[in-house]
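Asks: Have a look at this one.
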Amino acid sequence: MPEPAAFTGAAPAAGGPPAGGELTIGGRRLPTRYFLAPLAGYTHLAFRIVVRECGGVGLATTDLVQASHLVAGTKWARELVRTNPEDQPLAVQIYGGVVEHLVAAARWLQDQGYQGIDLNMGCPMAKITGTGGGARLMCRPDAACRLVEAVVQAVQIPVTVKMRLGWDAASLTAPHLAREFENLGVAAITIHGRTRQQGFSGRADLAGIRAVVEAVRQIPVVGNGDVLTVADAWHMRRETGCAAVAIGRGALFDPWIFRRIQLAERGAAAPLAVTPAEQVGFLRRHYELMTRQHGDQQSCLMFRKFAAWYGARLGIPEDLESRLRRFESAVEFAEIADQIQERHGTRREARATAELRLPNGPIEHW
Ligand SMILES: Cc1cc2nc3c(=O)[nH]c(=O)nc-3n(C[C@H](O)[C@H](O)[C@H](O)COP(=O)(O)O)c2cc1C
């Protein structure tokens with residue numbers, strides 16, 4: 001059996017990190033400039049905590065939550081915003097097309113002690129845009145501005161906006177909207193360098209992100225899209241001039257990515273080596289935190305979809321990844337984790353299964 005290897009990630013870019021001191025957003029001081037982007041179905045409390053424990057996360061955002069559900073107090077909406085003192089700094093992302101719902105949700109969040117609200121204007125999924133929310137708002141700049149203004153006026157905590165470059169290549173509204181939102185008091189903008197029409201195809205357009213950076217006067221712009229390594233993160237900052245970088249899928253592929261960037265920025269001589277024991281420990285810890293919130297049964301269902309992302313990075317052999325996609329109890333999970341520990345690193349396919357099947361196909365069918 002080959003010796004299980006510690007995972008070190010790709011080598012950092014030559015030339016060192018981009019300049020940048022402390023970053024604040026709406027008065028909140030953030031420990032690093034590298035943020036965990038919201039990933040619906042994944043960035044629940046357990047994942048946020050376990051990634052924060054790896055180190056280097058500057059800010060995390062919840063999955064998108066429908067504003068009307070939050071106000072109505074539906075069980076799932078309340079679970080999505082569940083947090084604890086270790087889960088800081090945090091922003092809660094809300095969406096919807098009705099101003100009153102967003103205002104009520106924002107006030108409720110402030111009253112509960114949350115310290116940041118992120119408005120989703122980027123989600124391409126039909127079920128989100130169908131509510132008038134998500135990326136659909138980018139097609140209606142006046143409505144988007146009224147909505148943003150109402151939310152900013154309703155609360156004292158910072159309000160940020162996450163959006164795409166525009167609806168499609170013929171309507172790149174992000175720079176215009178970013179400037180308007182800054183005038184209305186938004187504290188920062190996160191910009192995913194694709195249009196809604198693109199879905200996740202192609203590459204994030206760094207020139208498009210730069211256009212947003214250049215459109216605002218002083219608020220931080222957070223660049224987002226396709227950052228998988230330290231080199232990608234630095235490239236994003238250099239090419240776009242963005243103040244910070246949000247990383248989504250990169251954190252599922254490599255939960256230590258934030259720590260790697262932090263160490264590289266501090267001039268570490270060697271890249272971070274994550275031992276096999278740490279990799280399996282991470283897997284167990286994530287599942288354990290999940291069961292604390294959701295119980296054994298629901299956690300089985302929720303954890304299964306992480307298997308396709310974790311497989312390659314956590315040294316999980318293909319047959320055990322396949323079992324992780326189907327396991328049915330906490331006892332079975334423990335048994336699979338023991339086997340992963342024993343046979344760690346004996347995987348043949350280096351790429352993660354999820355990398356091979358990202359959402360694609362006609363965007364209308366999402
Ligand atoms: C499975 C999945 C779920 C997502 N959920 C959200 C969401 O709830 N809110 C949001 O603003 N963006 C969401 N996104 C978009 C990501 O935050 C991010 O903008 C996009 O994945 C590009 O960044 P990345 O290449 O670092 O992943 C999601 C993306 C994926 C793949």
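For the structure tokens, the naming scheme is as follows: chains receive sequential letters (A, B, ...) according to their order of presentation, residues are indexed from 1 within each chain, and ligands are indexed from 1 in presentation order.
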Within 8 Å of ligand 1, which residues of chain A show up? Give each one with its shortest atom-to-atom distance in Å (one decimal) and the two atoms involved, counting only C-alpha atoms and all ligand atoms, rows by chain then rising residue number, as CSV.
Replies:
```
residue,atom,partner,partner_atom_place_in_ligand_line,distance
A:Ala37,CA,ligand 1,17 (O),4.5
A:Pro38,CA,ligand 1,17 (O),4.4
A:Leu39,CA,ligand 1,5 (N),3.4
A:Ala40,CA,ligand 1,5 (N),3.8
A:Gly41,CA,ligand 1,3 (C),6.6
A:Tyr42,CA,ligand 1,1 (C),7.2
A:Thr62,CA,ligand 1,8 (O),7.3
A:Asp63,CA,ligand 1,8 (O),4.1
A:Leu64,CA,ligand 1,8 (O),3.9
A:Val65,CA,ligand 1,8 (O),7.5
A:Gln93,CA,ligand 1,9 (N),7.0
A:Asn120,CA,ligand 1,11 (O),5.3
A:Met121,CA,ligand 1,11 (O),7.2
A:Gly122,CA,ligand 1,11 (O),5.7
A:Cys123,CA,ligand 1,10 (C),5.7
A:Lys162,CA,ligand 1,11 (O),5.8
A:Met163,CA,ligand 1,11 (O),7.1
A:Arg164,CA,ligand 1,19 (O),7.8
A:Ile191,CA,ligand 1,19 (O),7.5
A:His192,CA,ligand 1,19 (O),5.0
A:Gly193,CA,ligand 1,22 (C),7.8
A:Phe200,CA,ligand 1,21 (O),7.4
A:Ala204,CA,ligand 1,25 (O),7.7
A:Asn224,CA,ligand 1,23 (O),5.2
A:Gly225,CA,ligand 1,25 (O),3.6
A:Asp226,CA,ligand 1,25 (O),3.5
A:Val227,CA,ligand 1,26 (O),5.3
A:Leu228,CA,ligand 1,26 (O),7.3
A:Ala246,CA,ligand 1,26 (O),6.3
A:Ile247,CA,ligand 1,26 (O),3.9
A:Gly248,CA,ligand 1,26 (O),3.6
A:Arg249,CA,ligand 1,27 (O),3.8
A:Gly250,CA,ligand 1,26 (O),5.6
A:Ala251,CA,ligand 1,26 (O),7.7
A:Leu358,CA,ligand 1,31 (C),7.5
A:Pro359,CA,ligand 1,31 (C),7.5
```
Asks: Counting only C-alpha atoms, what is within 7 Å of Arg196 in chain A, bar same-chain residues fewer than 3 positions away, as a ChimeraX atom specification?
Replies: /A:124,135,164,166-168,199
Asks: Once you have the residues from the selection above, write them out as a PDB file, in the first residue's frame, restricted to N, CA and C atoms.
Replies:
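After the write, result_39.pdb holds the following:
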```
ATOM      1  N   PRO A 124     -28.961  32.415 -10.122  1.00  0.00           N
ATOM      2  CA  PRO A 124     -29.551  32.223 -11.442  1.00  0.00           C
ATOM      3  C   PRO A 124     -30.713  31.235 -11.459  1.00  0.00           C
ATOM      4  N   ALA A 135     -30.854  37.001  -9.429  1.00  0.00           N
ATOM      5  CA  ALA A 135     -30.303  37.764 -10.553  1.00  0.00           C
ATOM      6  C   ALA A 135     -31.374  38.551 -11.311  1.00  0.00           C
ATOM      7  N   ARG A 164     -24.109  39.132  -9.910  1.00  0.00           N
ATOM      8  CA  ARG A 164     -23.316  38.699 -11.066  1.00  0.00           C
ATOM      9  C   ARG A 164     -23.019  39.917 -11.934  1.00  0.00           C
ATOM     10  N   GLY A 166     -24.260  40.633 -14.703  1.00  0.00           N
ATOM     11  CA  GLY A 166     -25.502  41.110 -15.322  1.00  0.00           C
ATOM     12  C   GLY A 166     -26.340  39.895 -15.690  1.00  0.00           C
ATOM     13  N   TRP A 167     -27.453  40.147 -16.360  1.00  0.00           N
ATOM     14  CA  TRP A 167     -28.330  39.023 -16.741  1.00  0.00           C
ATOM     15  C   TRP A 167     -27.685  38.212 -17.858  1.00  0.00           C
ATOM     16  N   ASP A 168     -27.200  38.917 -18.890  1.00  0.00           N
ATOM     17  CA  ASP A 168     -26.485  38.249 -19.988  1.00  0.00           C
ATOM     18  C   ASP A 168     -25.475  39.230 -20.563  1.00  0.00           C
ATOM     19  N   GLY A 199     -24.474  30.834 -16.175  1.00  0.00           N
ATOM     20  CA  GLY A 199     -24.516  29.804 -15.142  1.00  0.00           C
ATOM     21  C   GLY A 199     -23.138  29.653 -14.529  1.00  0.00           C
TER      22      GLY A 199
END
```
Asks: Pick from A:Val280, A:Met302, A:Met290, A:Val51: nearest to Ala334 in chain A, with only C-alpha atoms counted?
Replies: A:Val280
Asks: From the DSSP assignment of the backbone, select every residue of range 46-260 of chain A that is strand (DSSP E or B), and format the answer as an MDAnalysis selection string.
Replies: chainID A and resid 59:66 90:95 117:121 159:166 188:195 221:224 244:247
Asks: Would you please extract all alpha helix (DSSP H) residues from range 167-284 of chain A, as assigned by DSSP on the backbone, and give them as a ChimeraX atom specification?
Replies: /A:174-184,206-215,230-240,249-253,257-265,276-284
Asks: Against range 136-156 of chain A, which residues of range 178-249 of chain A fall within 7 Å? For each one I want the closest pair of atoms and the distance in Å (one decimal), counting only C-alpha atoms, rows by chain and increasing residue number, as CSV.
Replies:
```
residue,atom,partner,partner_atom,distance
A:Phe181,CA,A:Cys145,CA,6.7
A:Leu184,CA,A:Glu149,CA,5.7
A:Gly185,CA,A:Val152,CA,6.5
A:Val186,CA,A:Val152,CA,6.8
```
Asks: Okay, now the selection with N, CA and C atoms, as a PDB file, in the first residue's frame?
Replies:
```pdb
ATOM      1  N   PHE A 181     -25.706  51.530  -5.690  1.00  0.00           N
ATOM      2  CA  PHE A 181     -25.838  50.932  -4.354  1.00  0.00           C
ATOM      3  C   PHE A 181     -24.907  51.624  -3.358  1.00  0.00           C
ATOM      4  N   LEU A 184     -26.441  54.596  -2.130  1.00  0.00           N
ATOM      5  CA  LEU A 184     -27.576  54.315  -1.237  1.00  0.00           C
ATOM      6  C   LEU A 184     -27.122  53.798   0.126  1.00  0.00           C
ATOM      7  N   GLY A 185     -25.812  53.594   0.299  1.00  0.00           N
ATOM      8  CA  GLY A 185     -25.309  53.226   1.623  1.00  0.00           C
ATOM      9  C   GLY A 185     -24.915  51.771   1.795  1.00  0.00           C
ATOM     10  N   VAL A 186     -24.829  51.037   0.686  1.00  0.00           N
ATOM     11  CA  VAL A 186     -24.369  49.641   0.798  1.00  0.00           C
ATOM     12  C   VAL A 186     -22.894  49.622   1.201  1.00  0.00           C
TER      13      VAL A 186
END
```
Asks: Could you pull the residues within 8 Å of Leu206 in chain A, counting only C-alpha atoms, minus those fewer than 6 positions along the same chain, as a VMD selection string?
Replies: chain A and resid 193 236 239 to 240
Asks: Which polymer residues have any atom within 9 Å of an atom of range 76-91 of chain A, counting only C-alpha atoms, with same-chain residues fewer than 2 positions away left out, as a ChimeraX atom specification?
Replies: /A:28-31,43-45,48-49,52,57-67,69-74,93,114-118,159-160,293-294
Asks: Please produce an output containing N, CA and C atoms for each residue in the selection, written as an mmCIF file, in the first residue's frame.
Replies:
```
data_model
loop_
_atom_site.group_PDB
_atom_site.id
_atom_site.type_symbol
_atom_site.label_atom_id
_atom_site.label_comp_id
_atom_site.auth_asym_id
_atom_site.auth_seq_id
_atom_site.Cartn_x
_atom_site.Cartn_y
_atom_site.Cartn_z
ATOM 1 N N ARG A 28 -17.081 46.877 10.418
ATOM 2 C CA ARG A 28 -16.680 45.559 10.969
ATOM 3 C C ARG A 28 -15.263 45.245 10.545
ATOM 4 N N ARG A 29 -14.405 44.943 11.494
ATOM 5 C CA ARG A 29 -13.018 44.589 11.155
ATOM 6 C C ARG A 29 -12.958 43.102 10.826
ATOM 7 N N LEU A 30 -12.375 42.804 9.684
ATOM 8 C CA LEU A 30 -12.345 41.401 9.245
ATOM 9 C C LEU A 30 -10.922 40.860 9.352
ATOM 10 N N PRO A 31 -10.779 39.667 9.899
ATOM 11 C CA PRO A 31 -9.439 39.147 10.173
ATOM 12 C C PRO A 31 -8.596 38.862 8.925
ATOM 13 N N THR A 43 -23.226 25.614 3.041
ATOM 14 C CA THR A 43 -22.606 26.520 3.999
ATOM 15 C C THR A 43 -23.480 26.724 5.250
ATOM 16 N N HIS A 44 -23.959 25.586 5.794
ATOM 17 C CA HIS A 44 -24.687 25.625 7.053
ATOM 18 C C HIS A 44 -23.684 25.792 8.185
ATOM 19 N N LEU A 45 -24.233 25.940 9.379
ATOM 20 C CA LEU A 45 -23.385 26.196 10.548
ATOM 21 C C LEU A 45 -22.227 25.198 10.662
ATOM 22 N N ARG A 48 -19.493 25.942 8.143
ATOM 23 C CA ARG A 48 -18.819 27.217 8.440
ATOM 24 C C ARG A 48 -17.845 27.042 9.605
ATOM 25 N N ILE A 49 -18.303 26.333 10.644
ATOM 26 C CA ILE A 49 -17.439 26.169 11.825
ATOM 27 C C ILE A 49 -16.212 25.321 11.490
ATOM 28 N N ARG A 52 -13.834 27.326 9.471
ATOM 29 C CA ARG A 52 -13.195 28.353 10.316
ATOM 30 C C ARG A 52 -12.109 27.715 11.182
ATOM 31 N N VAL A 57 -10.308 32.229 7.622
ATOM 32 C CA VAL A 57 -11.554 32.755 7.034
ATOM 33 C C VAL A 57 -11.790 34.188 7.537
ATOM 34 N N GLY A 58 -11.983 35.121 6.607
ATOM 35 C CA GLY A 58 -12.199 36.518 6.990
ATOM 36 C C GLY A 58 -13.647 36.835 7.301
ATOM 37 N N LEU A 59 -14.561 36.149 6.617
ATOM 38 C CA LEU A 59 -16.003 36.381 6.779
ATOM 39 C C LEU A 59 -16.704 35.191 6.149
ATOM 40 N N ALA A 60 -17.792 34.756 6.764
ATOM 41 C CA ALA A 60 -18.601 33.695 6.141
ATOM 42 C C ALA A 60 -20.022 34.221 5.972
ATOM 43 N N THR A 61 -20.711 33.671 4.994
ATOM 44 C CA THR A 61 -22.102 34.074 4.725
ATOM 45 C C THR A 61 -22.962 32.815 4.728
ATOM 46 N N THR A 62 -24.168 32.938 5.242
ATOM 47 C CA THR A 62 -25.081 31.783 5.256
ATOM 48 C C THR A 62 -25.541 31.466 3.832
ATOM 49 N N ASP A 63 -26.165 30.309 3.661
ATOM 50 C CA ASP A 63 -26.906 30.009 2.424
ATOM 51 C C ASP A 63 -27.946 31.106 2.230
ATOM 52 N N LEU A 64 -28.407 31.276 1.022
ATOM 53 C CA LEU A 64 -29.475 32.254 0.821
ATOM 54 C C LEU A 64 -30.754 31.783 1.517
ATOM 55 N N VAL A 65 -31.459 32.721 2.146
ATOM 56 C CA VAL A 65 -32.673 32.411 2.907
ATOM 57 C C VAL A 65 -33.795 33.297 2.367
ATOM 58 N N GLN A 66 -34.935 32.687 2.108
ATOM 59 C CA GLN A 66 -36.048 33.491 1.589
ATOM 60 C C GLN A 66 -36.572 34.401 2.703
ATOM 61 N N ALA A 67 -36.588 35.720 2.399
ATOM 62 C CA ALA A 67 -36.928 36.709 3.435
ATOM 63 C C ALA A 67 -38.301 36.425 4.042
ATOM 64 N N HIS A 69 -39.881 33.683 4.375
ATOM 65 C CA HIS A 69 -39.869 32.494 5.243
ATOM 66 C C HIS A 69 -39.223 32.809 6.587
ATOM 67 N N LEU A 70 -38.209 33.658 6.532
ATOM 68 C CA LEU A 70 -37.531 34.028 7.773
ATOM 69 C C LEU A 70 -38.491 34.771 8.692
ATOM 70 N N VAL A 71 -39.250 35.685 8.089
ATOM 71 C CA VAL A 71 -40.189 36.482 8.881
ATOM 72 C C VAL A 71 -41.323 35.596 9.402
ATOM 73 N N ALA A 72 -41.775 34.665 8.557
ATOM 74 C CA ALA A 72 -42.867 33.769 8.982
ATOM 75 C C ALA A 72 -42.371 32.763 10.022
ATOM 76 N N GLY A 73 -41.056 32.659 10.148
ATOM 77 C CA GLY A 73 -40.493 31.764 11.160
ATOM 78 C C GLY A 73 -40.520 30.301 10.757
ATOM 79 N N THR A 74 -40.455 30.003 9.460
ATOM 80 C CA THR A 74 -40.469 28.589 9.077
ATOM 81 C C THR A 74 -39.223 27.907 9.661
ATOM 82 N N GLN A 93 -27.445 35.894 4.320
ATOM 83 C CA GLN A 93 -27.892 36.302 2.986
ATOM 84 C C GLN A 93 -29.389 36.069 2.827
ATOM 85 N N TYR A 114 -27.727 39.667 14.800
ATOM 86 C CA TYR A 114 -26.851 39.416 13.639
ATOM 87 C C TYR A 114 -26.166 40.724 13.257
ATOM 88 N N GLN A 115 -24.961 40.608 12.680
ATOM 89 C CA GLN A 115 -24.178 41.833 12.476
ATOM 90 C C GLN A 115 -23.948 42.214 11.016
ATOM 91 N N GLY A 116 -24.517 41.447 10.097
ATOM 92 C CA GLY A 116 -24.359 41.813 8.689
ATOM 93 C C GLY A 116 -25.436 41.147 7.853
ATOM 94 N N ILE A 117 -25.930 41.879 6.858
ATOM 95 C CA ILE A 117 -26.966 41.342 5.965
ATOM 96 C C ILE A 117 -26.453 41.437 4.542
ATOM 97 N N ASP A 118 -26.574 40.341 3.810
ATOM 98 C CA ASP A 118 -26.166 40.322 2.411
ATOM 99 C C ASP A 118 -27.419 40.093 1.564
ATOM 100 N N VAL A 159 -25.179 46.512 5.327
ATOM 101 C CA VAL A 159 -25.896 45.750 4.291
ATOM 102 C C VAL A 159 -24.970 45.664 3.078
ATOM 103 N N THR A 160 -24.768 44.455 2.583
ATOM 104 C CA THR A 160 -23.929 44.240 1.401
ATOM 105 C C THR A 160 -24.783 43.591 0.314
ATOM 106 N N GLN A 293 -26.725 19.748 15.158
ATOM 107 C CA GLN A 293 -27.835 20.627 14.746
ATOM 108 C C GLN A 293 -28.999 19.829 14.158
ATOM 109 N N HIS A 294 -28.679 18.819 13.355
ATOM 110 C CA HIS A 294 -29.748 18.203 12.557
ATOM 111 C C HIS A 294 -30.091 16.764 12.965
#
```
Asks: So which one's closest to His344 in chain A, A:Glu278, A:Glu288, A:Glu182, A:Glu332? Using only C-alpha atoms, please.
Replies: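 Selected residue with least distance to His344 in chain A: A:Glu278.
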Asks: Pick out the residues sitting within 12 Å of Gln298 in chain A, and hand them over as an MDAnalysis selection string; count only C-alpha atoms, and ignore anything fewer than 6 positions along from it in its own chain.
Replies: chainID A and resid 287 290:292 304 327:330
Asks: Please, what distance in Å, to one decimal, runs between CA of Gly311 in chain A and CA of Thr353 in chain A?
Replies: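 A separation of 7.2 Å between them.
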Asks: Just the number, please: distance in Å from CA of Gly16 in chain A to CA of Arg259 in chain A, one decimal.
Replies: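 These two atoms are separated by 15.8 Å.
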Asks: Please determine, counting only C-alpha atoms, which residue among A:Leu272, A:Ala19, A:Ile219, A:Cys300 has the shortest atom-to-atom distance to Asn183 in chain A.
Replies: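 Going through A:Leu272, A:Ala19, A:Ile219, A:Cys300 one by one, the smallest distance to Asn183 in chain A is for A:Ile219.
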